[in-house]
Amino acid sequence: MDKENIGQKIKITKDGPYIVSGKVPIHEKIIVQKGREYELNEGRELPQSESYALCRCGKSKTAPFCDGTHLKAGFCGKETASKSEYHKRAELTEGSGIDLLDDGRCAFARFCHRKNGNAWDLAENSDTEDNRAEAIQAACDCPAGRLTAVDKDGTEHEPVSEPSIDIVQDPGRGVSAGIFVKGSIPIESADGTMYETRNRVALCRCGKSENKPFCDASHVVQRYLDK
C-alpha cells in the first residue's frame with residue numbers, strides 16, 4: 001500500500017453514517033447506456049476532505065453527505081450481510097473457455113452486460129477469444145465485486161484500482177444508485193470487526209437494503225433519489 005493510502009478506512013456507525021477517513025477521493029458518477037453496454041461518466045464535482053460522513057439512511061438533504069437526519073428518522077442500520085470471505089460464499093460457474101465466480105451481491109449497475117451478451121452467456125461460450133475477453137471485461141466491470149473471471153488454471157482476473165469512492169446516479173432507471181468503493185479500502189463494522197477487504201464493493205445509501213451494509217439494488221424498487 002502506498003504511504004498516502006495508509007489510514008484510509010470506512011467506519012460504519014451504529015444506525016448512522018459511514019465515516020470515511022484517510023483523504024479518500026470522492027466523485028459523482030453517472031451510469032450511461034452506450035448501445036448494449038454501460039459506462040460511468042463524470043458527474044458534478046464533490047468537495048474533497050481528509051474525512052467525511054456519508055449518508056446511509058437515504059434521508060439526508062445534503063446527500064451524499066450526512067446531515068444528521070438519521071437521528072430524527074429513527075434509522076435502523078443493522079448490518080445483516082455475511083462477513084465470510086468471498087471465496088467461501090461465491091459459486092463457480094464453468095464456461096467453455098473461462099469460468100465465473102459469483103457471490104450474488106448485485107447492485108444492478110448492469111456492467112455485466114456487453115455487446116455480445118451478459119457475463120454468464122459470454123463465459124458459457126468463451127471458446128472464442130472475443131467472447132472470452134468480453135466475459136473478463138464484464139466481470140471486472142462489476143462494481144459490487146459480485147463477479148470474478150477465472151482462467152482454467154485458476155488465475156483470477158481483477159482490475160487495478162486506486163482507492164476511491166463513487167457516488168452513483170442512474171438516470172436510466174430514474175434513481176440514485178449505491179456507493180461504489182474501489183481500491184481495497186478497509187470497511188469496519190459498527191461492532192468493531194472488519195469485513196473482508198476487497199477491491200470492489202457497493203455500499204447501500206438508500207437505507208433499504210436487506211443485506212446491509214452492501215447494496216442489494218433496493219434503490220431501484222424504492223425509487224430512491226438523493227436530490
# chains A, B, ... in the order shown; residues from 1 in each chain; ligands from 1
$ select_by_dssp --residues "region 82-221 of chain A" --states "helix (DSSP H, G or I)" --output "ChimeraX atom specification"
/A:86-89,119-124,129-140,218-221
$ residues_around --residues "Ser82 (chain A)" --least-positions-apart "4" --cutoff "9 Å" --atoms "only C-alpha atoms" --output "list in words"
Arg89, Tyr195 and Asn211 of chain A
$ closest_residue --among "A:Val20, A:Ala109, A:Ile165, A:Leu147" --to "Tyr38 (chain A)" --atoms "only C-alpha atoms"
A:Ala109
$ closest_residue --among "A:Val32, A:Leu40, A:Cys142, A:Ala123" --to "Asp103 (chain A)" --atoms "only C-alpha atoms"
A:Cys142
$ closest_residue --among "A:Val160, A:Ile167, A:Cys106, A:Leu100" --to "Ile136 (chain A)" --atoms "only C-alpha atoms"
A:Leu100
$ residues_around --residues "Gly7 (chain A)" --least-positions-apart "6" --cutoff "9 Å" --atoms "only C-alpha atoms" --output "compact mmCIF listing (two decimals) with N, CA and C atoms, in the first residue's frame"
# COMPACT_ATOMS: atom_id res chain seq x y z
N SER A 21 -12.26 8.00 6.31
CA SER A 21 -11.05 8.70 6.73
C SER A 21 -9.89 8.36 5.81
N GLY A 22 -8.85 9.19 5.88
CA GLY A 22 -7.66 8.93 5.09
C GLY A 22 -7.61 9.63 3.75
N LYS A 23 -8.41 10.70 3.62
CA LYS A 23 -8.40 11.50 2.39
C LYS A 23 -8.72 10.66 1.15
$ closest_residue --among "A:Ser176, A:Gln33, A:Asn199, A:Thr62" --to "Leu46 (chain A)" --atoms "only C-alpha atoms"
A:Thr62
$ closest_residue --among "A:Gly43, A:Gly58, A:Pro213, A:Gly172" --to "Ser189 (chain A)" --atoms "only C-alpha atoms"
A:Pro213
$ closest_residue --among "A:Glu37, A:Asp226, A:Asp216, A:Glu210" --to "Thr80 (chain A)" --atoms "only C-alpha atoms"
A:Glu210
$ residues_around --residues "His219 (chain A)" --least-positions-apart "4" --cutoff "12 Å" --atoms "only C-alpha atoms" --output "PyMOL selection string"
chain A and resi 56-58+106-109+168-170+173-179+203-210+214-215+223-226
$ select_by_dssp --residues "region 48-199 of chain A" --states "strand (DSSP E)" --output "JSON, numbers by chain"
{"A": [51, 52, 53, 54, 91, 92, 93, 99, 100, 101, 102, 113, 114, 117, 118, 147, 148, 149, 150, 156, 157, 164, 165, 166, 167, 168, 169, 170, 175, 176, 177, 178, 179, 180, 181, 182, 187, 188]}
$ atom_distance --atom1 "CA of Gly95 (chain A)" --atom2 "CA of Lys182 (chain A)"
27.0 Å
$ residues_around --residues "Val181 (chain A)" --least-positions-apart "5" --cutoff "8 Å" --atoms "only C-alpha atoms" --output "PyMOL selection string"
chain A and resi 143+163-166+199-203
$ write_last_selection --atoms "C-alpha atoms" --output "CSV table (one decimal), in the first residue's frame"
chain,number,residue,atom,x,y,z
A,143,PRO,CA,-18.6,-2.5,-9.2
A,163,PRO,CA,-8.7,3.8,-3.6
A,164,SER,CA,-11.7,6.0,-4.3
A,165,ILE,CA,-15.4,6.3,-3.8
A,166,ASP,CA,-18.0,6.9,-6.5
A,199,ASN,CA,-11.0,-4.3,-4.5
A,200,ARG,CA,-14.6,-3.7,-5.4
A,201,VAL,CA,-17.8,-3.4,-3.3
A,202,ALA,CA,-21.0,-1.5,-3.4
A,203,LEU,CA,-22.5,0.0,-0.3
$ residues_around --residues "Ile187 (chain A)" --least-positions-apart "6" --cutoff "9 Å" --atoms "only C-alpha atoms" --output "PyMOL selection string"
chain A and resi 9-12+193-197
$ write_last_selection --atoms "N, CA and C atoms" --output "compact mmCIF listing (two decimals), in the first residue's frame"
# COMPACT_ATOMS: atom_id res chain seq x y z
N LYS A 9 -9.93 4.30 5.53
CA LYS A 9 -10.88 3.34 6.12
C LYS A 9 -12.30 3.88 6.01
N ILE A 10 -13.25 2.95 5.97
CA ILE A 10 -14.66 3.30 6.07
C ILE A 10 -15.19 2.67 7.36
N LYS A 11 -15.65 3.48 8.27
CA LYS A 11 -16.19 3.01 9.54
C LYS A 11 -17.71 3.15 9.52
N ILE A 12 -18.40 2.03 9.72
CA ILE A 12 -19.86 2.05 9.79
C ILE A 12 -20.26 2.37 11.22
N THR A 193 -15.60 -5.19 14.21
CA THR A 193 -14.99 -6.23 13.39
C THR A 193 -14.84 -5.72 11.96
N MET A 194 -14.01 -6.42 11.20
CA MET A 194 -13.71 -5.98 9.84
C MET A 194 -14.36 -6.90 8.81
N TYR A 195 -14.86 -6.30 7.75
CA TYR A 195 -15.28 -7.07 6.59
C TYR A 195 -14.03 -7.43 5.78
N GLU A 196 -14.13 -8.47 4.99
CA GLU A 196 -13.03 -8.83 4.11
C GLU A 196 -12.71 -7.63 3.21
N THR A 197 -11.45 -7.27 3.14
CA THR A 197 -11.04 -6.16 2.28
C THR A 197 -11.03 -6.62 0.83
$ residues_around --residues "Cys55 (chain A)" --least-positions-apart "4" --cutoff "6 Å" --atoms "only C-alpha atoms" --output "list in words"
Pro17, Pro64, Phe65 and Cys66 of chain A
$ write_last_selection --atoms "N, CA, C and O atoms" --output "PDB file, in the first residue's frame"
ATOM      1  N   PRO A  17     -24.062   7.182   9.872  1.00  0.00           N
ATOM      2  CA  PRO A  17     -23.394   7.258   8.574  1.00  0.00           C
ATOM      3  C   PRO A  17     -22.149   6.385   8.467  1.00  0.00           C
ATOM      4  O   PRO A  17     -21.696   5.767   9.429  1.00  0.00           O
ATOM      5  N   PRO A  64     -24.451  13.459  -1.004  1.00  0.00           N
ATOM      6  CA  PRO A  64     -24.260  12.166  -0.364  1.00  0.00           C
ATOM      7  C   PRO A  64     -23.776  12.231   1.085  1.00  0.00           C
ATOM      8  O   PRO A  64     -23.542  11.189   1.701  1.00  0.00           O
ATOM      9  N   PHE A  65     -23.648  13.442   1.623  1.00  0.00           N
ATOM     10  CA  PHE A  65     -23.106  13.583   2.966  1.00  0.00           C
ATOM     11  C   PHE A  65     -24.216  13.555   4.015  1.00  0.00           C
ATOM     12  O   PHE A  65     -25.356  13.930   3.760  1.00  0.00           O
ATOM     13  N   CYS A  66     -23.850  13.114   5.200  1.00  0.00           N
ATOM     14  CA  CYS A  66     -24.799  13.015   6.316  1.00  0.00           C
ATOM     15  C   CYS A  66     -25.112  14.390   6.867  1.00  0.00           C
ATOM     16  O   CYS A  66     -24.223  15.239   7.000  1.00  0.00           O
TER      17      CYS A  66
END
$ atom_distance --atom1 "CA of Ala133 (chain A)" --atom2 "CA of Glu85 (chain A)"
26.5 Å
$ decode --residues "region 33-70 of chain A" --atoms "C-alpha atoms" --output "CSV table (one decimal), in the first residue's frame"
chain,number,residue,atom,x,y,z
A,33,GLN,CA,-26.0,3.3,-21.7
A,34,LYS,CA,-24.0,3.0,-24.9
A,35,GLY,CA,-25.7,0.6,-27.2
A,36,ARG,CA,-25.9,-2.7,-25.3
A,37,GLU,CA,-23.2,-1.6,-22.8
A,38,TYR,CA,-23.0,0.7,-19.9
A,39,GLU,CA,-20.3,3.1,-18.7
A,40,LEU,CA,-19.6,5.5,-15.9
A,41,ASN,CA,-19.4,9.2,-16.8
A,42,GLU,CA,-18.3,12.0,-14.6
A,43,GLY,CA,-20.9,13.9,-12.7
A,44,ARG,CA,-20.8,17.0,-10.6
A,45,GLU,CA,-17.7,17.8,-8.5
A,46,LEU,CA,-17.9,16.9,-4.8
A,47,PRO,CA,-15.9,18.5,-2.1
A,48,GLN,CA,-12.7,16.6,-1.0
A,49,SER,CA,-11.7,16.3,2.6
A,50,GLU,CA,-9.4,14.4,4.9
A,51,SER,CA,-12.5,12.7,6.4
A,52,TYR,CA,-16.2,12.9,5.8
A,53,ALA,CA,-19.5,11.3,6.7
A,54,LEU,CA,-21.7,9.6,4.0
A,55,CYS,CA,-25.4,9.2,4.5
A,56,ARG,CA,-26.7,5.7,4.6
A,57,CYS,CA,-30.3,6.3,5.8
A,58,GLY,CA,-31.4,7.8,2.5
A,59,LYS,CA,-32.9,10.9,4.1
A,60,SER,CA,-30.1,13.5,4.1
A,61,LYS,CA,-30.9,16.8,2.4
A,62,THR,CA,-27.1,17.2,1.8
A,63,ALA,CA,-26.6,13.9,0.1
A,64,PRO,CA,-24.3,12.2,-0.4
A,65,PHE,CA,-23.1,13.6,3.0
A,66,CYS,CA,-24.8,13.0,6.3
A,67,ASP,CA,-26.8,15.9,7.8
A,68,GLY,CA,-27.9,14.1,11.0
A,69,THR,CA,-31.4,13.2,9.7
A,70,HIS,CA,-30.9,9.5,10.7
